file coords_7.cif (mmCIF, C-alpha atoms)
data_query
#
loop_
_atom_site.label_atom_id
_atom_site.label_comp_id
_atom_site.auth_asym_id
_atom_site.auth_seq_id
_atom_site.Cartn_x
_atom_site.Cartn_y
_atom_site.Cartn_z
CA MET A 1 143.01 8.66 -18.60
CA ARG A 2 140.99 7.99 -21.75
CA ALA A 3 138.54 10.79 -20.83
CA TRP A 4 141.40 13.19 -20.08
CA GLY A 5 143.12 12.30 -23.35
CA LEU A 6 139.94 12.82 -25.35
CA CYS A 7 139.36 16.22 -23.77
CA LEU A 8 142.97 17.21 -24.42
CA LEU A 9 142.62 16.21 -28.08
CA ILE A 10 139.48 18.32 -28.41
CA LEU A 11 141.19 21.30 -26.78
CA LEU A 12 144.18 20.99 -29.09
CA MET A 13 142.11 20.86 -32.26
CA GLY A 14 142.35 24.24 -33.88
CA CYS A 15 144.61 25.79 -31.22
CA GLY A 16 145.85 29.10 -32.51
CA ALA A 17 144.04 28.63 -35.80
CA HIS A 18 141.89 31.43 -37.08
CA GLY A 19 140.24 32.57 -40.23
CA PRO A 20 141.26 35.46 -42.44
CA PRO A 21 140.69 39.08 -41.36
CA THR A 22 137.08 40.20 -41.50
CA PRO A 23 136.28 41.86 -44.84
CA PRO A 24 134.76 45.35 -44.76
CA LEU A 25 131.01 45.46 -44.23
CA THR A 26 128.79 45.62 -47.27
CA PRO A 27 126.44 48.61 -47.51
CA GLU A 28 123.58 46.23 -46.60
CA GLU A 29 125.38 45.02 -43.47
CA ARG A 30 126.32 48.53 -42.38
CA ALA A 31 122.75 49.73 -42.83
CA GLY A 32 121.49 46.73 -40.87
CA ALA A 33 123.84 47.43 -37.95
CA GLU A 34 122.91 51.12 -37.93
CA GLN A 35 119.21 50.27 -37.99
CA TYR A 36 119.63 47.80 -35.14
CA LEU A 37 121.34 50.43 -32.97
CA SER A 38 118.53 52.88 -33.70
CA LEU A 39 116.02 50.50 -32.05
CA GLY A 40 117.35 49.67 -28.59
CA PHE A 41 120.63 51.51 -28.11
CA ALA A 42 121.06 54.36 -25.64
CA ALA A 43 123.79 56.59 -27.03
CA LEU A 44 126.38 58.23 -24.81
CA PRO A 45 125.06 61.39 -23.11
CA ALA A 46 125.70 64.65 -24.97
CA ASP A 47 128.10 65.90 -22.29
CA TRP A 48 130.09 62.66 -22.08
CA THR A 49 133.83 63.45 -22.09
CA PRO A 50 136.19 60.80 -23.50
CA GLY A 51 139.73 60.66 -22.16
CA TRP A 52 142.75 58.56 -21.29
CA PHE A 53 144.38 57.26 -18.14
CA VAL A 54 147.92 55.92 -17.84
CA GLY A 55 148.13 52.85 -15.62
CA PRO A 56 150.92 52.17 -13.11
CA ASP A 57 153.00 50.34 -15.72
CA GLY A 58 152.41 52.93 -18.44
CA ALA A 59 149.46 51.18 -20.10
CA ARG A 60 147.19 53.61 -21.97
CA LEU A 61 143.57 53.07 -20.94
CA GLU A 62 140.40 54.59 -22.36
CA THR A 63 138.14 56.52 -19.99
CA GLY A 64 135.01 58.61 -20.04
CA THR A 65 133.49 61.04 -17.56
CA LEU A 66 130.08 62.56 -17.03
CA ASP A 67 129.72 65.40 -14.52
CA SER A 68 126.34 66.01 -12.93
CA GLY A 69 127.08 69.48 -11.55
CA SER A 70 126.82 69.39 -7.76
CA ALA A 71 127.63 65.69 -7.52
CA LYS A 72 127.13 63.53 -4.43
CA GLY A 73 130.41 61.85 -5.26
CA THR A 74 131.85 59.64 -7.99
CA VAL A 75 130.81 56.25 -9.31
CA VAL A 76 133.64 54.45 -11.08
CA PHE A 77 132.09 52.19 -13.73
CA VAL A 78 133.95 49.25 -15.32
CA PRO A 79 132.33 47.05 -18.01
CA GLY A 80 132.61 43.29 -18.38
CA TYR A 81 134.64 41.16 -20.77
CA THR A 82 134.70 42.52 -24.37
CA ALA A 83 132.19 45.31 -23.63
CA PRO A 84 133.11 48.82 -24.84
CA LEU A 85 132.19 51.91 -22.86
CA GLU A 86 129.72 52.92 -25.59
CA MET A 87 127.31 50.16 -24.53
CA TYR A 88 126.26 51.79 -21.28
CA GLY A 89 124.87 55.22 -22.08
CA HIS A 90 121.66 54.32 -20.22
CA ILE A 91 123.64 53.46 -17.08
CA TYR A 92 125.68 56.67 -17.16
CA SER A 93 122.50 58.70 -17.59
CA ALA A 94 120.80 56.95 -14.66
CA LEU A 95 123.78 57.60 -12.40
CA SER A 96 124.06 61.23 -13.48
CA GLU A 97 120.33 61.88 -13.05
CA ALA A 98 120.64 60.52 -9.50
CA GLY A 99 123.34 63.12 -8.78
CA TRP A 100 126.53 61.09 -9.24
CA ARG A 101 129.60 61.99 -11.24
CA VAL A 102 130.54 59.08 -13.52
CA ALA A 103 134.10 57.99 -14.30
CA ALA A 104 134.27 54.94 -16.59
CA LEU A 105 137.35 52.84 -17.31
CA ALA A 106 137.83 50.42 -20.21
CA PRO A 107 140.11 47.63 -18.90
CA ARG A 108 143.24 46.78 -20.83
CA GLY A 109 142.39 44.34 -23.58
CA GLN A 110 139.09 45.93 -24.63
CA GLY A 111 137.55 49.13 -25.86
CA ARG A 112 140.28 51.50 -27.05
CA SER A 113 142.61 50.54 -24.20
CA VAL A 114 145.92 48.83 -24.86
CA ARG A 115 145.66 45.28 -26.22
CA GLU A 116 148.06 42.59 -24.96
CA GLY A 117 147.41 39.70 -27.36
CA ARG A 118 149.23 38.68 -30.52
CA HIS A 119 146.11 39.64 -32.45
CA PRO A 120 144.30 42.81 -31.35
CA GLU A 121 140.96 40.99 -31.12
CA MET A 122 142.24 38.31 -28.75
CA GLY A 123 140.96 38.31 -25.20
CA HIS A 124 144.41 38.08 -23.64
CA LEU A 125 145.67 39.11 -20.23
CA ASP A 126 149.18 39.06 -18.81
CA ASP A 127 148.20 39.26 -15.13
CA TYR A 128 145.03 39.96 -13.12
CA ALA A 129 147.22 41.99 -10.76
CA ASP A 130 147.57 44.51 -13.61
CA LEU A 131 143.79 44.97 -13.75
CA VAL A 132 143.61 45.38 -9.97
CA GLY A 133 146.44 47.92 -10.12
CA ASP A 134 144.78 49.85 -12.95
CA LEU A 135 141.47 50.09 -11.12
CA SER A 136 143.10 51.06 -7.82
CA ALA A 137 145.17 53.78 -9.48
CA PHE A 138 142.14 55.13 -11.36
CA ILE A 139 140.19 55.35 -8.13
CA GLU A 140 143.02 57.27 -6.49
CA VAL A 141 142.81 60.14 -9.01
CA GLN A 142 139.08 60.73 -8.52
CA PRO A 143 137.97 63.95 -6.77
CA ASP A 144 137.51 64.04 -3.02
CA GLY A 145 134.20 62.80 -1.72
CA PRO A 146 132.48 59.43 -1.68
CA VAL A 147 133.75 57.05 -4.36
CA HIS A 148 131.78 53.94 -5.26
CA VAL A 149 132.54 51.23 -7.82
CA LEU A 150 130.00 49.66 -10.18
CA ALA A 151 131.58 46.70 -12.00
CA VAL A 152 130.14 44.11 -14.36
CA SER A 153 131.05 40.42 -14.76
CA LYS A 154 134.85 40.11 -15.18
CA ALA A 155 135.27 43.64 -13.84
CA GLY A 156 133.28 42.50 -10.82
CA HIS A 157 135.94 39.83 -10.27
CA VAL A 158 138.62 42.52 -10.40
CA ALA A 159 136.73 44.80 -7.99
CA LEU A 160 136.18 41.98 -5.49
CA ARG A 161 139.80 40.89 -5.72
CA MET A 162 140.88 44.50 -5.14
CA ALA A 163 138.65 44.73 -2.06
CA ALA A 164 140.07 41.46 -0.71
CA SER A 165 143.73 42.25 -1.32
CA ARG A 166 144.52 45.91 -0.62
CA PRO A 167 143.32 49.10 1.05
CA VAL A 168 141.58 51.35 -1.43
CA LYS A 169 139.80 54.72 -1.39
CA VAL A 170 136.34 53.27 -2.01
CA ASP A 171 133.20 53.55 0.10
CA ARG A 172 131.04 50.87 -1.52
CA ILE A 173 131.23 48.34 -4.35
CA ALA A 174 128.30 47.05 -6.43
CA VAL A 175 128.96 44.10 -8.73
CA ILE A 176 126.55 42.90 -11.41
CA THR A 177 126.66 39.16 -12.23
CA PRO A 178 130.28 39.00 -11.03
CA MET A 179 132.67 36.44 -12.47
CA VAL A 180 133.90 34.84 -9.28
CA GLN A 181 134.21 31.68 -11.38
CA VAL A 182 133.44 30.98 -15.02
CA ARG A 183 130.66 28.45 -15.53
CA THR A 184 132.16 25.29 -17.07
CA ASP A 185 129.54 22.61 -16.42
CA PRO A 186 129.26 19.76 -17.13
CA VAL A 187 133.08 19.75 -16.89
CA PRO A 188 134.36 20.48 -13.35
CA SER A 189 136.04 23.89 -13.30
CA GLU A 190 139.07 22.69 -11.33
CA TRP A 191 139.72 19.87 -13.78
CA LEU A 192 139.34 22.07 -16.87
CA GLY A 193 141.41 24.81 -15.23
CA GLU A 194 144.36 22.50 -14.70
CA ILE A 195 144.21 21.47 -18.35
CA VAL A 196 144.30 25.05 -19.66
CA ILE A 197 147.14 25.88 -17.27
CA GLY A 198 149.08 22.94 -18.68
CA LEU A 199 148.42 23.98 -22.27
CA SER A 200 149.41 27.55 -21.44
CA ARG A 201 152.72 26.33 -20.04
CA ALA A 202 153.20 24.05 -23.05
CA GLY A 203 153.52 26.99 -25.42
CA LEU A 204 149.90 27.87 -26.19
CA ASP A 205 149.68 30.80 -23.79
CA GLY A 206 149.12 33.34 -26.54
CA ALA A 207 146.94 31.14 -28.76
CA TRP A 208 143.19 31.47 -29.09
CA VAL A 209 141.17 28.73 -27.45
CA PRO A 210 139.43 26.50 -30.04
CA GLY A 211 136.97 28.48 -32.10
CA GLY A 212 138.78 31.77 -31.56
CA ARG A 213 139.19 33.93 -34.64
CA PRO A 214 138.76 37.53 -35.76
CA TRP A 215 135.26 38.93 -35.33
CA ASP A 216 132.88 38.09 -38.17
CA ASN A 217 129.24 38.29 -37.14
CA ARG A 218 128.27 40.43 -40.11
CA ARG A 219 125.57 37.88 -41.01
CA LEU A 220 123.57 39.03 -38.00
CA PHE A 221 122.76 42.27 -39.80
CA ARG A 222 121.50 40.64 -42.97
CA ASP A 223 119.87 37.55 -41.44
CA GLY A 224 117.17 38.07 -38.80
CA ALA A 225 116.93 34.34 -38.05
CA ALA A 226 120.64 34.17 -37.23
CA ARG A 227 120.27 37.22 -35.01
CA ALA A 228 117.41 35.60 -33.10
CA ARG A 229 119.45 32.47 -32.47
CA HIS A 230 122.45 34.46 -31.30
CA ARG A 231 120.56 36.12 -28.43
CA SER A 232 120.07 33.03 -26.29
CA LEU A 233 123.28 32.79 -24.22
CA CYS A 234 123.55 36.15 -22.51
CA ASN A 235 120.53 38.27 -23.31
CA ALA A 236 116.89 37.51 -24.09
CA ASP A 237 115.90 40.97 -25.36
CA PRO A 238 115.83 40.90 -29.19
CA ASP A 239 116.19 44.69 -29.38
CA ARG A 240 119.35 44.75 -27.25
CA ALA A 241 120.98 41.33 -27.49
CA ASN A 242 123.22 42.30 -30.41
CA ILE A 243 124.18 45.86 -29.52
CA ARG A 244 127.74 44.70 -28.88
CA ASN A 245 127.93 43.06 -32.31
CA ALA A 246 126.44 46.14 -33.98
CA LEU A 247 129.12 48.31 -32.36
CA PHE A 248 131.81 45.81 -33.38
CA ALA A 249 130.47 45.84 -36.93
CA LEU A 250 130.59 49.62 -37.23
CA THR A 251 133.75 50.26 -35.15
CA PRO A 252 136.41 47.59 -35.82
CA GLU A 253 138.85 48.90 -33.20
CA LEU A 254 136.37 47.92 -30.45
CA ARG A 255 136.26 44.24 -31.40
CA VAL A 256 137.22 41.54 -28.89
CA THR A 257 136.44 37.88 -29.47
CA ALA A 258 137.49 34.63 -27.78
CA PRO A 259 140.09 34.43 -25.00
CA THR A 260 143.52 32.87 -25.22
CA TYR A 261 144.75 29.93 -23.19
CA GLY A 262 146.75 32.46 -21.17
CA TRP A 263 143.56 34.36 -20.32
CA ALA A 264 141.83 31.13 -19.34
CA ALA A 265 144.76 29.95 -17.21
CA ARG A 266 145.11 33.26 -15.35
CA THR A 267 141.37 33.49 -14.85
CA HIS A 268 141.34 30.03 -13.30
CA ARG A 269 144.19 30.89 -10.93
CA SER A 270 142.59 34.19 -9.91
CA SER A 271 139.19 32.55 -9.44
CA ARG A 272 140.74 29.88 -7.25
CA TRP A 273 142.27 32.61 -5.08
CA LEU A 274 139.08 34.66 -4.93
CA SER A 275 136.98 31.61 -4.05
CA ARG A 276 138.92 30.83 -0.90
CA PRO A 277 136.73 31.77 2.09
CA ASP A 278 139.69 33.24 3.99
CA ASN A 279 140.37 35.66 1.14
CA ALA A 280 136.71 36.64 0.82
CA ALA A 281 136.68 37.27 4.59
CA ARG A 282 139.30 40.00 4.11
CA VAL A 283 136.70 42.25 2.50
CA SER A 284 135.64 45.02 4.86
CA LEU A 285 133.77 47.28 2.41
CA PRO A 286 130.00 47.09 1.96
CA ILE A 287 129.32 44.99 -1.15
CA LEU A 288 126.12 44.73 -3.18
CA MET A 289 126.05 41.67 -5.44
CA VAL A 290 123.34 41.41 -8.11
CA THR A 291 123.12 37.91 -9.61
CA ALA A 292 121.06 36.31 -12.38
CA GLY A 293 119.07 33.14 -11.86
CA ARG A 294 119.52 32.02 -15.48
CA ASP A 295 123.19 32.88 -15.83
CA ARG A 296 124.94 30.56 -18.30
CA VAL A 297 128.24 32.46 -18.33
CA VAL A 298 129.41 32.66 -14.73
CA ASP A 299 128.87 30.36 -11.73
CA THR A 300 126.19 32.06 -9.64
CA ALA A 301 126.65 29.60 -6.77
CA ALA A 302 130.34 30.52 -6.52
CA ALA A 303 129.42 34.21 -6.38
CA SER A 304 126.90 33.51 -3.63
CA ARG A 305 129.48 31.60 -1.60
CA PHE A 306 131.86 34.56 -1.87
CA CYS A 307 129.14 36.91 -0.67
CA VAL A 308 128.41 34.76 2.37
CA ALA A 309 132.11 34.39 3.22
CA ALA A 310 132.73 38.12 2.86
CA GLY A 311 130.23 38.95 5.59
CA THR A 312 129.81 42.57 4.43
CA CYS A 313 128.04 41.50 1.23
CA ARG A 314 124.34 41.47 0.34
CA GLU A 315 123.13 39.45 -2.65
CA VAL A 316 120.05 40.32 -4.69
CA ARG A 317 118.98 37.59 -7.14
CA PHE A 318 116.98 38.26 -10.31
CA PRO A 319 115.55 34.76 -10.84
CA ALA A 320 114.56 35.17 -14.51
CA ALA A 321 117.54 37.27 -15.62
CA ARG A 322 120.43 36.18 -17.80
CA HIS A 323 124.05 37.19 -17.48
CA CYS A 324 123.91 40.47 -19.42
CA LEU A 325 121.47 41.98 -16.95
CA LEU A 326 122.30 45.65 -17.56
CA GLU A 327 122.12 45.12 -21.31
CA GLY A 328 118.90 43.11 -21.29
CA PRO A 329 115.22 44.01 -20.99
CA PRO A 330 114.94 47.67 -19.95
CA ASP A 331 112.70 46.89 -16.98
CA GLU A 332 115.29 44.50 -15.52
CA ALA A 333 118.13 46.96 -16.05
CA ALA A 334 116.08 49.76 -14.47
CA ARG A 335 115.21 47.63 -11.43
CA ALA A 336 118.83 46.63 -10.98
CA MET A 337 119.96 50.24 -11.21
CA GLY A 338 117.30 51.25 -8.69
CA ILE A 339 118.79 48.77 -6.21
CA VAL A 340 122.32 50.00 -6.97
CA LEU A 341 121.36 53.66 -6.52
CA GLU A 342 119.62 52.91 -3.22
CA PHE A 343 122.78 51.11 -2.07
CA PHE A 344 125.05 53.99 -3.08
CA GLY A 345 122.75 56.56 -1.53
CA GLY A 346 122.39 54.88 1.84
CA PRO A 347 123.90 56.22 5.09
CA MET A 348 127.68 56.00 5.28
CA ASN A 349 129.27 54.04 8.12
#

call {"tool": "encode", "arguments": {"input": "coords_7.cif", "output": "structure tokens"}}
result
Amino acid sequence: MRAWGLCLLILLMGCGAHGPPTPPLTPEERAGAEQYLSLGFAALPADWTPGWFVGPDGARLETGTLDSGSAKGTVVFVPGYTAPLEMYGHIYSALSEAGWRVAALAPRGQGRSVREGRHPEMGHLDDYADLVGDLSAFIEVQPDGPVHVLAVSKAGHVALRMAASRPVKVDRIAVITPMVQVRTDPVPSEWLGEIVIGLSRAGLDGAWVPGGRPWDNRRLFRDGAARARHRSLCNADPDRANIRNALFALTPELRVTAPTYGWAARTHRSSRWLSRPDNAARVSLPILMVTAGRDRVVDTAAASRFCVAAGTCREVRFPAARHCLLEGPPDEAARAMGIVLEFFGGPMN
């Protein structure tokens, strides 16, 4: 009980607390962010078409499309937690050059899609079923022909849950470093999950987890040493590790920071459901799962267990890669996309 009480005290410290709103960037910071993007950022293709999609419950969701002329079919792309659509111009171009029409969807809670938290920069979520419903409905409005899904991290969780829970007009699903479970070691995920569920029920559902506050990583664009330190968790490529922060610096409406206790509680419940072998066994679609051997964000072993239980899933491991595989070193991203394109282009059952 002493260990549980100590952990609870740590979790409660700073609950809901946050600093003041982020001041406007200085000219030096803005110039630094713009310069950083000029080095390793692939802008959206010239013929990218932004748009909007209304979800089943009326939620307004940001979209983007890229037509390749005589397309083989459509690839629905969904980014991971906090990532805006702008981050993946290189992925859209690769798909289009391979002959696929691209239809991208920014999940509720990020990009320019509707935000559900008390503060617009909170990573908050009312229900994972809403994300599954949004993705399913978006797939339904795509043109006739093969439809594949390419989903990253948290979106991979949503795509796998969709495949395990309902019939959907999809031929194949590729997930990149999917969040079947969040990595919580050295604390057991089940134990920590029950704590956040309890705190959510106790009135902290809409509060940031400790450390959550409005975005303020402006220092990264005036301090190269700070920028180098910041790259270690998700991405080892110094030219690409802070693209997300550069976009957040220059476009405040894209900013998403830490999750709320409600997000953490619902993620734990959904992960527990998705991790059950009998639920994974419901998947009948061909699944390609690309995992990272040095992932410090999601539990790669849990993803592998899902893949085995699903039966229709093939895992490809990048032993030296980190979680943000598509955003990392260009050679890794290109190899991963080559595997995805081969999977999408294979013979249909």

call {"tool": "residues_around", "arguments": {"input": "coords_7.cif", "residues": "Thr22 of chain A", "least_positions_apart": "6", "cutoff": "10 Å", "atoms": "only C-alpha atoms", "output": "PyMOL selection string"}}
result
chain A and resi 213-218+249+252

call {"tool": "closest_atom_pairs", "arguments": {"input": "coords_7.cif", "of": "segment 164-283 of chain A", "to": "segment 142-147 of chain A", "cutoff": "10 Å", "atoms": "all atoms listed in the file", "output": "tab-separated table"}}
result
residue	atom	partner	partner_atom	distance
A:Lys169	CA	A:Val147	CA	7.1
A:Val170	CA	A:Val147	CA	5.1
A:Asp171	CA	A:Val147	CA	5.7
A:Arg172	CA	A:Val147	CA	7.3
A:Ile173	CA	A:Val147	CA	9.1

call {"tool": "write_last_selection", "arguments": {"input": "coords_7.cif", "atoms": "C-alpha atoms", "output": "compact mmCIF listing (two decimals), keeping the file's coordinate frame"}}
result
# COMPACT_ATOMS: atom_id res chain seq x y z
CA LYS A 169 139.80 54.72 -1.39
CA VAL A 170 136.34 53.27 -2.01
CA ASP A 171 133.20 53.55 0.10
CA ARG A 172 131.04 50.87 -1.52
CA ILE A 173 131.23 48.34 -4.35

call {"tool": "resolve_selection", "arguments": {"input": "coords_7.cif", "expression": "the PyMOL selection byres ((chain A and resi 81) around 12)", "output": "PyMOL selection string"}}
result
chain A and resi 78-80+82-85+106-111+122-125+151-158+177-179+182+244+254-259+263+267+297-298+323-324

call {"tool": "resolve_selection", "arguments": {"input": "coords_7.cif", "expression": "the PyMOL selection byres ((chain A and resi 291) around 9)", "output": "ChimeraX atom specification"}}
result
/A:175-178,289-290,292-293,295,300,303-304,315-319,321-323,325

call {"tool": "resolve_selection", "arguments": {"input": "coords_7.cif", "expression": "the PyMOL selection byres ((chain A and resi 310-313) around 12)", "output": "PyMOL selection string"}}
result
chain A and resi 160-161+163-164+172-175+274-290+303-309+314-316+343

call {"tool": "residues_around", "arguments": {"input": "coords_7.cif", "residues": "segment 221-236 of chain A", "least_positions_apart": "2", "cutoff": "10 Å", "atoms": "all atoms listed in the file", "output": "ChimeraX atom specification"}}
result
/A:25-26,28-36,217-219,238-242,245-246,249,294-297,321-329

call {"tool": "decode", "arguments": {"input": "coords_7.cif", "residues": "segment 94-193 of chain A", "atoms": "C-alpha atoms", "output": "PDB file, in the first residue's frame"}}
result
ATOM      1  CA  ALA A  94       5.327   8.318 -52.371  1.00  0.00           C
ATOM      2  CA  LEU A  95       1.787   6.940 -52.457  1.00  0.00           C
ATOM      3  CA  SER A  96       0.780   9.181 -55.360  1.00  0.00           C
ATOM      4  CA  GLU A  97       3.890   8.353 -57.381  1.00  0.00           C
ATOM      5  CA  ALA A  98       3.038   4.667 -56.936  1.00  0.00           C
ATOM      6  CA  GLY A  99      -0.392   5.311 -58.491  1.00  0.00           C
ATOM      7  CA  TRP A 100      -2.599   5.620 -55.410  1.00  0.00           C
ATOM      8  CA  ARG A 101      -5.136   8.300 -54.619  1.00  0.00           C
ATOM      9  CA  VAL A 102      -4.531   9.632 -51.090  1.00  0.00           C
ATOM     10  CA  ALA A 103      -7.277  10.612 -48.641  1.00  0.00           C
ATOM     11  CA  ALA A 104      -5.926  11.771 -45.260  1.00  0.00           C
ATOM     12  CA  LEU A 105      -7.948  12.279 -42.096  1.00  0.00           C
ATOM     13  CA  ALA A 106      -6.900  14.266 -39.019  1.00  0.00           C
ATOM     14  CA  PRO A 107      -8.537  12.533 -36.016  1.00  0.00           C
ATOM     15  CA  ARG A 108     -10.640  14.585 -33.646  1.00  0.00           C
ATOM     16  CA  GLY A 109      -8.406  16.191 -31.073  1.00  0.00           C
ATOM     17  CA  GLN A 110      -5.556  17.119 -33.415  1.00  0.00           C
ATOM     18  CA  GLY A 111      -4.737  19.047 -36.541  1.00  0.00           C
ATOM     19  CA  ARG A 112      -7.599  21.395 -37.393  1.00  0.00           C
ATOM     20  CA  SER A 113     -10.234  18.835 -36.415  1.00  0.00           C
ATOM     21  CA  VAL A 114     -12.599  19.461 -33.520  1.00  0.00           C
ATOM     22  CA  ARG A 115     -10.965  19.517 -30.079  1.00  0.00           C
ATOM     23  CA  GLU A 116     -12.723  17.882 -27.122  1.00  0.00           C
ATOM     24  CA  GLY A 117     -10.646  19.054 -24.149  1.00  0.00           C
ATOM     25  CA  ARG A 118     -11.161  21.970 -21.794  1.00  0.00           C
ATOM     26  CA  HIS A 119      -8.044  23.536 -23.289  1.00  0.00           C
ATOM     27  CA  PRO A 120      -7.602  23.244 -27.064  1.00  0.00           C
ATOM     28  CA  GLU A 121      -4.074  21.855 -26.687  1.00  0.00           C
ATOM     29  CA  MET A 122      -5.118  18.999 -24.405  1.00  0.00           C
ATOM     30  CA  GLY A 123      -4.905  15.483 -25.752  1.00  0.00           C
ATOM     31  CA  HIS A 124      -8.430  14.554 -24.700  1.00  0.00           C
ATOM     32  CA  LEU A 125     -10.813  11.938 -26.027  1.00  0.00           C
ATOM     33  CA  ASP A 126     -14.402  11.202 -25.081  1.00  0.00           C
ATOM     34  CA  ASP A 127     -14.566   7.678 -26.533  1.00  0.00           C
ATOM     35  CA  TYR A 128     -12.410   5.495 -28.803  1.00  0.00           C
ATOM     36  CA  ALA A 129     -15.640   4.346 -30.432  1.00  0.00           C
ATOM     37  CA  ASP A 130     -15.919   7.878 -31.862  1.00  0.00           C
ATOM     38  CA  LEU A 131     -12.544   7.503 -33.595  1.00  0.00           C
ATOM     39  CA  VAL A 132     -13.527   4.102 -34.976  1.00  0.00           C
ATOM     40  CA  GLY A 133     -16.818   5.554 -36.212  1.00  0.00           C
ATOM     41  CA  ASP A 134     -15.091   8.535 -37.832  1.00  0.00           C
ATOM     42  CA  LEU A 135     -12.615   6.342 -39.694  1.00  0.00           C
ATOM     43  CA  SER A 136     -15.292   3.867 -40.806  1.00  0.00           C
ATOM     44  CA  ALA A 137     -17.530   6.658 -42.097  1.00  0.00           C
ATOM     45  CA  PHE A 138     -14.628   8.331 -43.920  1.00  0.00           C
ATOM     46  CA  ILE A 139     -13.776   5.059 -45.628  1.00  0.00           C
ATOM     47  CA  GLU A 140     -17.376   4.656 -46.750  1.00  0.00           C
ATOM     48  CA  VAL A 141     -17.327   7.900 -48.776  1.00  0.00           C
ATOM     49  CA  GLN A 142     -14.211   6.997 -50.769  1.00  0.00           C
ATOM     50  CA  PRO A 143     -14.602   6.233 -54.498  1.00  0.00           C
ATOM     51  CA  ASP A 144     -15.222   2.699 -55.688  1.00  0.00           C
ATOM     52  CA  GLY A 145     -12.183   0.510 -56.081  1.00  0.00           C
ATOM     53  CA  PRO A 146      -9.634  -0.928 -53.672  1.00  0.00           C
ATOM     54  CA  VAL A 147      -9.385   1.008 -50.404  1.00  0.00           C
ATOM     55  CA  HIS A 148      -6.431   0.486 -48.092  1.00  0.00           C
ATOM     56  CA  VAL A 149      -5.644   2.114 -44.741  1.00  0.00           C
ATOM     57  CA  LEU A 150      -2.220   3.352 -43.645  1.00  0.00           C
ATOM     58  CA  ALA A 151      -2.320   4.344 -39.968  1.00  0.00           C
ATOM     59  CA  VAL A 152       0.398   5.447 -37.560  1.00  0.00           C
ATOM     60  CA  SER A 153       0.738   4.767 -33.811  1.00  0.00           C
ATOM     61  CA  LYS A 154      -2.549   5.711 -32.069  1.00  0.00           C
ATOM     62  CA  ALA A 155      -4.315   5.692 -35.428  1.00  0.00           C
ATOM     63  CA  GLY A 156      -2.981   2.163 -35.871  1.00  0.00           C
ATOM     64  CA  HIS A 157      -4.798   1.243 -32.659  1.00  0.00           C
ATOM     65  CA  VAL A 158      -8.003   2.704 -34.088  1.00  0.00           C
ATOM     66  CA  ALA A 159      -7.589   0.883 -37.418  1.00  0.00           C
ATOM     67  CA  LEU A 160      -6.945  -2.454 -35.703  1.00  0.00           C
ATOM     68  CA  ARG A 161      -9.890  -1.971 -33.367  1.00  0.00           C
ATOM     69  CA  MET A 162     -12.081  -1.146 -36.366  1.00  0.00           C
ATOM     70  CA  ALA A 163     -10.933  -4.316 -38.144  1.00  0.00           C
ATOM     71  CA  ALA A 164     -11.665  -6.396 -35.035  1.00  0.00           C
ATOM     72  CA  SER A 165     -15.088  -4.939 -34.281  1.00  0.00           C
ATOM     73  CA  ARG A 166     -17.062  -4.260 -37.466  1.00  0.00           C
ATOM     74  CA  PRO A 167     -17.337  -4.975 -41.183  1.00  0.00           C
ATOM     75  CA  VAL A 168     -15.720  -2.229 -43.211  1.00  0.00           C
ATOM     76  CA  LYS A 169     -15.074  -1.476 -46.886  1.00  0.00           C
ATOM     77  CA  VAL A 170     -11.307  -1.970 -46.671  1.00  0.00           C
ATOM     78  CA  ASP A 171      -9.079  -4.374 -48.571  1.00  0.00           C
ATOM     79  CA  ARG A 172      -5.880  -4.116 -46.530  1.00  0.00           C
ATOM     80  CA  ILE A 173      -4.549  -2.282 -43.481  1.00  0.00           C
ATOM     81  CA  ALA A 174      -0.930  -1.282 -42.849  1.00  0.00           C
ATOM     82  CA  VAL A 175      -0.054   0.005 -39.380  1.00  0.00           C
ATOM     83  CA  ILE A 176       3.239   1.687 -38.498  1.00  0.00           C
ATOM     84  CA  THR A 177       4.446   1.249 -34.887  1.00  0.00           C
ATOM     85  CA  PRO A 178       0.841   0.703 -33.741  1.00  0.00           C
ATOM     86  CA  MET A 179      -0.223   1.620 -30.227  1.00  0.00           C
ATOM     87  CA  VAL A 180      -1.756  -1.663 -29.149  1.00  0.00           C
ATOM     88  CA  GLN A 181      -0.548  -0.693 -25.664  1.00  0.00           C
ATOM     89  CA  VAL A 182       1.349   2.328 -24.398  1.00  0.00           C
ATOM     90  CA  ARG A 183       4.768   1.496 -22.993  1.00  0.00           C
ATOM     91  CA  THR A 184       4.729   2.152 -19.227  1.00  0.00           C
ATOM     92  CA  ASP A 185       7.733   0.225 -17.920  1.00  0.00           C
ATOM     93  CA  PRO A 186       9.011  -0.097 -15.271  1.00  0.00           C
ATOM     94  CA  VAL A 187       5.442   0.333 -13.957  1.00  0.00           C
ATOM     95  CA  PRO A 188       3.092  -2.499 -15.049  1.00  0.00           C
ATOM     96  CA  SER A 189       0.552  -1.143 -17.523  1.00  0.00           C
ATOM     97  CA  GLU A 190      -2.419  -2.842 -15.848  1.00  0.00           C
ATOM     98  CA  TRP A 191      -1.534  -1.376 -12.473  1.00  0.00           C
ATOM     99  CA  LEU A 192      -0.981   2.147 -13.814  1.00  0.00           C
ATOM    100  CA  GLY A 193      -4.116   1.881 -15.942  1.00  0.00           C
TER     101      GLY A 193
END
